[in-house]
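Here's the structure we're looking at; comments come further down.
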Amino acid sequence: MFGIEIKKVDIDELFNAQRAWDNLPFVLQGVPLTLLVAILGMLLGLFLGLFIALARRSDKRLLRWPARVYISFMRGTPILVFLFILYFGLPVVGIELTATMAAVLGFGLNSAAYIAEINRSSLSSVDKGQWESAQALGFGYWQTMRRIILPQATRIAIPPLTNVFLDLLKATSLAAMISVPELFNKAQIVAGRNYDTMTMYILAALIYWPLTMVFAALQDYLEHRYNKYL
């Protein structure tokens with residue numbers, strides 16, 4: 001009626017277990033670089049995100065508005081486009097980055113926008129009475145932030161920050177588009193060599209899955225540890 005033809009498919013055409021097993025060691029070679037790009041990108045995002053969040057909360061327009069524009073731009077543009085700008089566009093003005101450097105910088109700058117909003121909401125959720133108590137004790141701004149506010153805000157921020165990292169870990173597959181030899185790039189190489197894209201893409205998915213499970217378990221551990229102090 002709708003012109004849809006159902007074709008009988010052999011299971012080996014969808015996933016060739018033997019081919020996946022034979023190429024697993026080669027694909028796994030991309031895991032360390034996947035983790036490196038994700039972790040370094042996240043660390044850069046955490047560092048920048050904290051200061052962008054503080055600027056976003058500032059009473060000074062000179063700090064608040066650039067932070068808002070930065071967050072809006074990074075959240076409103078595809079990360080792949082930004083990676084292309086860094087890797088293919090910057091050489092036009094004489095700045096050349098390796099593929100891995102471009103990936104780390106791109107993911108770090110992009111994730112900083114999301115982390116900044118998480119930090120801003122987490123800092124805002126800490127009761128204002130904490131600030132007033134710290135001032136009464138003679139604490140300065142940075143001393144109050146470091147000893148009182150940030151520890152409480154960190155507990156609140158752990159779940160959404162973990163989600164950002166998990167998204168970042170999976171988004172590293174986009175780095176294959178600028179020739180970073182990470183996990184997905186390795187799977188693409190084998191797929192092109194064997195003309196079996198389905199098997200290799202399923203294999204890549206089956207590798208990403210346990211990687212994300214490990215960091216999700218770390219999130220549960222950190223939440224449990226911080227909740228002990230409530």
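Chain labels follow the order of the structure tokens: the first chain is A, the next B, and so on; residue numbering restarts at 1 in every chain, and ligands are counted from 1 in their shown order.
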Among the residues of segment 86-124 of chain A, find those DSSP assigns to alpha helix (DSSP H) from the backbone and print them as a tab-separated table (two decimals) with N, CA, C and O atoms, in the first residue's frame.
```
chain	number	residue	atom	x	y	z
A	99	ALA	N	45.41	18.45	14.83
A	99	ALA	CA	44.01	18.02	14.92
A	99	ALA	C	43.60	17.80	16.37
A	99	ALA	O	42.51	18.19	16.79
A	100	THR	N	44.49	17.19	17.15
A	100	THR	CA	44.17	16.92	18.56
A	100	THR	C	44.05	18.21	19.35
A	100	THR	O	43.13	18.37	20.17
A	101	MET	N	44.96	19.15	19.12
A	101	MET	CA	44.89	20.45	19.81
A	101	MET	C	43.60	21.18	19.46
A	101	MET	O	42.95	21.77	20.33
A	102	ALA	N	43.23	21.16	18.19
A	102	ALA	CA	41.99	21.82	17.75
A	102	ALA	C	40.77	21.18	18.41
A	102	ALA	O	39.83	21.87	18.82
A	103	ALA	N	40.80	19.84	18.54
A	103	ALA	CA	39.68	19.14	19.17
A	103	ALA	C	39.56	19.49	20.64
A	103	ALA	O	38.47	19.79	21.14
A	104	VAL	N	40.68	19.45	21.36
A	104	VAL	CA	40.66	19.79	22.79
A	104	VAL	C	40.19	21.23	23.00
A	104	VAL	O	39.34	21.50	23.86
A	105	LEU	N	40.75	22.14	22.22
A	105	LEU	CA	40.37	23.55	22.34
A	105	LEU	C	38.91	23.75	21.99
A	105	LEU	O	38.17	24.47	22.68
A	106	GLY	N	38.46	23.11	20.92
A	106	GLY	CA	37.06	23.27	20.49
A	106	GLY	C	36.08	22.74	21.51
A	106	GLY	O	35.12	23.42	21.87
A	107	PHE	N	36.33	21.54	22.00
A	107	PHE	CA	35.43	20.96	22.99
A	107	PHE	C	35.50	21.71	24.31
A	107	PHE	O	34.49	21.87	25.00
A	108	GLY	N	36.69	22.19	24.66
A	108	GLY	CA	36.83	22.94	25.91
A	108	GLY	C	36.08	24.26	25.87
A	108	GLY	O	35.34	24.61	26.80
A	109	LEU	N	36.25	25.02	24.78
A	109	LEU	CA	35.58	26.31	24.66
A	109	LEU	C	34.07	26.14	24.55
A	109	LEU	O	33.31	26.95	25.09
A	110	ASN	N	33.64	25.09	23.86
A	110	ASN	CA	32.20	24.86	23.71
A	110	ASN	C	31.57	24.42	25.04
A	110	ASN	O	30.53	24.94	25.44
A	111	SER	N	32.20	23.47	25.71
A	111	SER	CA	31.63	22.97	26.97
A	111	SER	C	31.66	24.03	28.06
A	111	SER	O	30.82	24.01	28.97
A	112	ALA	N	32.58	24.99	27.97
A	112	ALA	CA	32.67	26.05	28.98
A	112	ALA	C	31.37	26.83	29.07
A	112	ALA	O	30.98	27.29	30.16
A	113	ALA	N	30.68	27.00	27.96
A	113	ALA	CA	29.42	27.75	27.96
A	113	ALA	C	28.35	27.02	28.77
A	113	ALA	O	27.63	27.61	29.58
A	114	TYR	N	28.25	25.70	28.57
A	114	TYR	CA	27.27	24.91	29.30
A	114	TYR	C	27.66	24.80	30.78
A	114	TYR	O	26.80	24.88	31.67
A	115	ILE	N	28.94	24.62	31.03
A	115	ILE	CA	29.42	24.51	32.41
A	115	ILE	C	29.21	25.83	33.15
A	115	ILE	O	28.88	25.83	34.34
A	116	ALA	N	29.39	26.94	32.45
A	116	ALA	CA	29.19	28.25	33.08
A	116	ALA	C	27.76	28.40	33.58
A	116	ALA	O	27.52	28.90	34.68
A	117	GLU	N	26.79	27.98	32.78
A	117	GLU	CA	25.39	28.08	33.19
A	117	GLU	C	25.09	27.13	34.35
A	117	GLU	O	24.32	27.47	35.26
A	118	ILE	N	25.71	25.94	34.34
A	118	ILE	CA	25.54	25.02	35.46
A	118	ILE	C	26.13	25.63	36.73
A	118	ILE	O	25.53	25.59	37.81
A	119	ASN	N	27.33	26.19	36.60
A	119	ASN	CA	27.98	26.82	37.76
A	119	ASN	C	27.17	28.00	38.27
A	119	ASN	O	27.03	28.20	39.49
A	120	ARG	N	26.65	28.79	37.35
A	120	ARG	CA	25.87	29.97	37.75
A	120	ARG	C	24.64	29.55	38.56
A	120	ARG	O	24.36	30.13	39.62
A	121	SER	N	23.92	28.56	38.07
A	121	SER	CA	22.72	28.11	38.78
A	121	SER	C	23.07	27.45	40.10
A	121	SER	O	22.35	27.60	41.09
A	122	SER	N	24.20	26.73	40.14
A	122	SER	CA	24.62	26.07	41.38
A	122	SER	C	25.03	27.09	42.42
A	122	SER	O	24.68	26.96	43.61
A	123	LEU	N	25.77	28.11	41.99
A	123	LEU	CA	26.17	29.17	42.93
A	123	LEU	C	24.96	29.94	43.43
A	123	LEU	O	24.89	30.31	44.60
A	124	SER	N	24.00	30.17	42.54
A	124	SER	CA	22.80	30.92	42.94
A	124	SER	C	21.94	30.13	43.90
A	124	SER	O	21.15	30.71	44.67
```
Point to revise | Within 10 Å of segment 26-42 of chain A using only C-alpha atoms, minus same-chain residues under 4 positions, as a PyMOL selection string | key: chain A and resi 20-22+46-49+100-112+115+161-162+164-173+175+180-190+200+203-204+207-208+211
Practice item. Quick one: everything within 12 Å of Phe84 of chain A, counting only C-alpha atoms, minus sequence neighbours fewer than 2 positions away in the same chain. Send it as a VMD selection string. Key: chain A and resid 77 to 82 86 to 91 97 99 102 to 103 105 to 107 174 to 179
Could you dump the residues just selected with C-alpha atoms as a compact mmCIF listing (two decimals), in the first residue's frame?
```
# COMPACT_ATOMS: atom_id res chain seq x y z
CA THR A 77 26.53 27.11 17.03
CA PRO A 78 27.23 23.45 16.13
CA ILE A 79 30.43 22.10 17.65
CA LEU A 80 31.41 20.56 14.31
CA VAL A 81 31.34 23.98 12.66
CA PHE A 82 33.54 25.34 15.45
CA LEU A 86 39.71 26.02 14.45
CA TYR A 87 41.34 23.37 12.29
CA PHE A 88 40.71 24.60 8.73
CA GLY A 89 40.01 28.29 9.29
CA LEU A 90 42.77 29.47 11.63
CA PRO A 91 45.59 28.57 9.19
CA LEU A 97 46.85 23.69 15.32
CA ALA A 99 44.01 18.02 14.92
CA ALA A 102 41.99 21.82 17.75
CA ALA A 103 39.68 19.14 19.17
CA LEU A 105 40.37 23.55 22.34
CA GLY A 106 37.06 23.27 20.49
CA PHE A 107 35.43 20.96 22.99
CA LEU A 174 33.08 14.42 15.72
CA ALA A 175 36.85 14.86 16.00
CA ALA A 176 37.13 12.12 13.37
CA MET A 177 35.94 14.75 10.89
CA ILE A 178 39.22 16.66 11.40
CA SER A 179 41.30 13.44 11.26
```
Exercise for review: Could you give me, as a list of chain:residue names, the residues within 9 Å of Ala55 of chain A, counting only C-alpha atoms and dropping anything in the same chain fewer than 2 positions from it?
Suggested key: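 Here the answer would be A:Leu50, A:Phe51, A:Ile52, A:Ala53, A:Arg57, A:Ser58, A:Asp59, A:Lys60, A:Leu62, A:Leu63, A:Arg64, A:Trp65, A:Pro66, A:Ala67, A:Arg68.
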Review point. Please, what distance in Å, to one decimal, runs between atom CA of Gly76 of chain A and atom CA of Leu43 of chain A?
Key: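 Taking atom CA of Gly76 of chain A and atom CA of Leu43 of chain A, their separation equals 21.6 Å.
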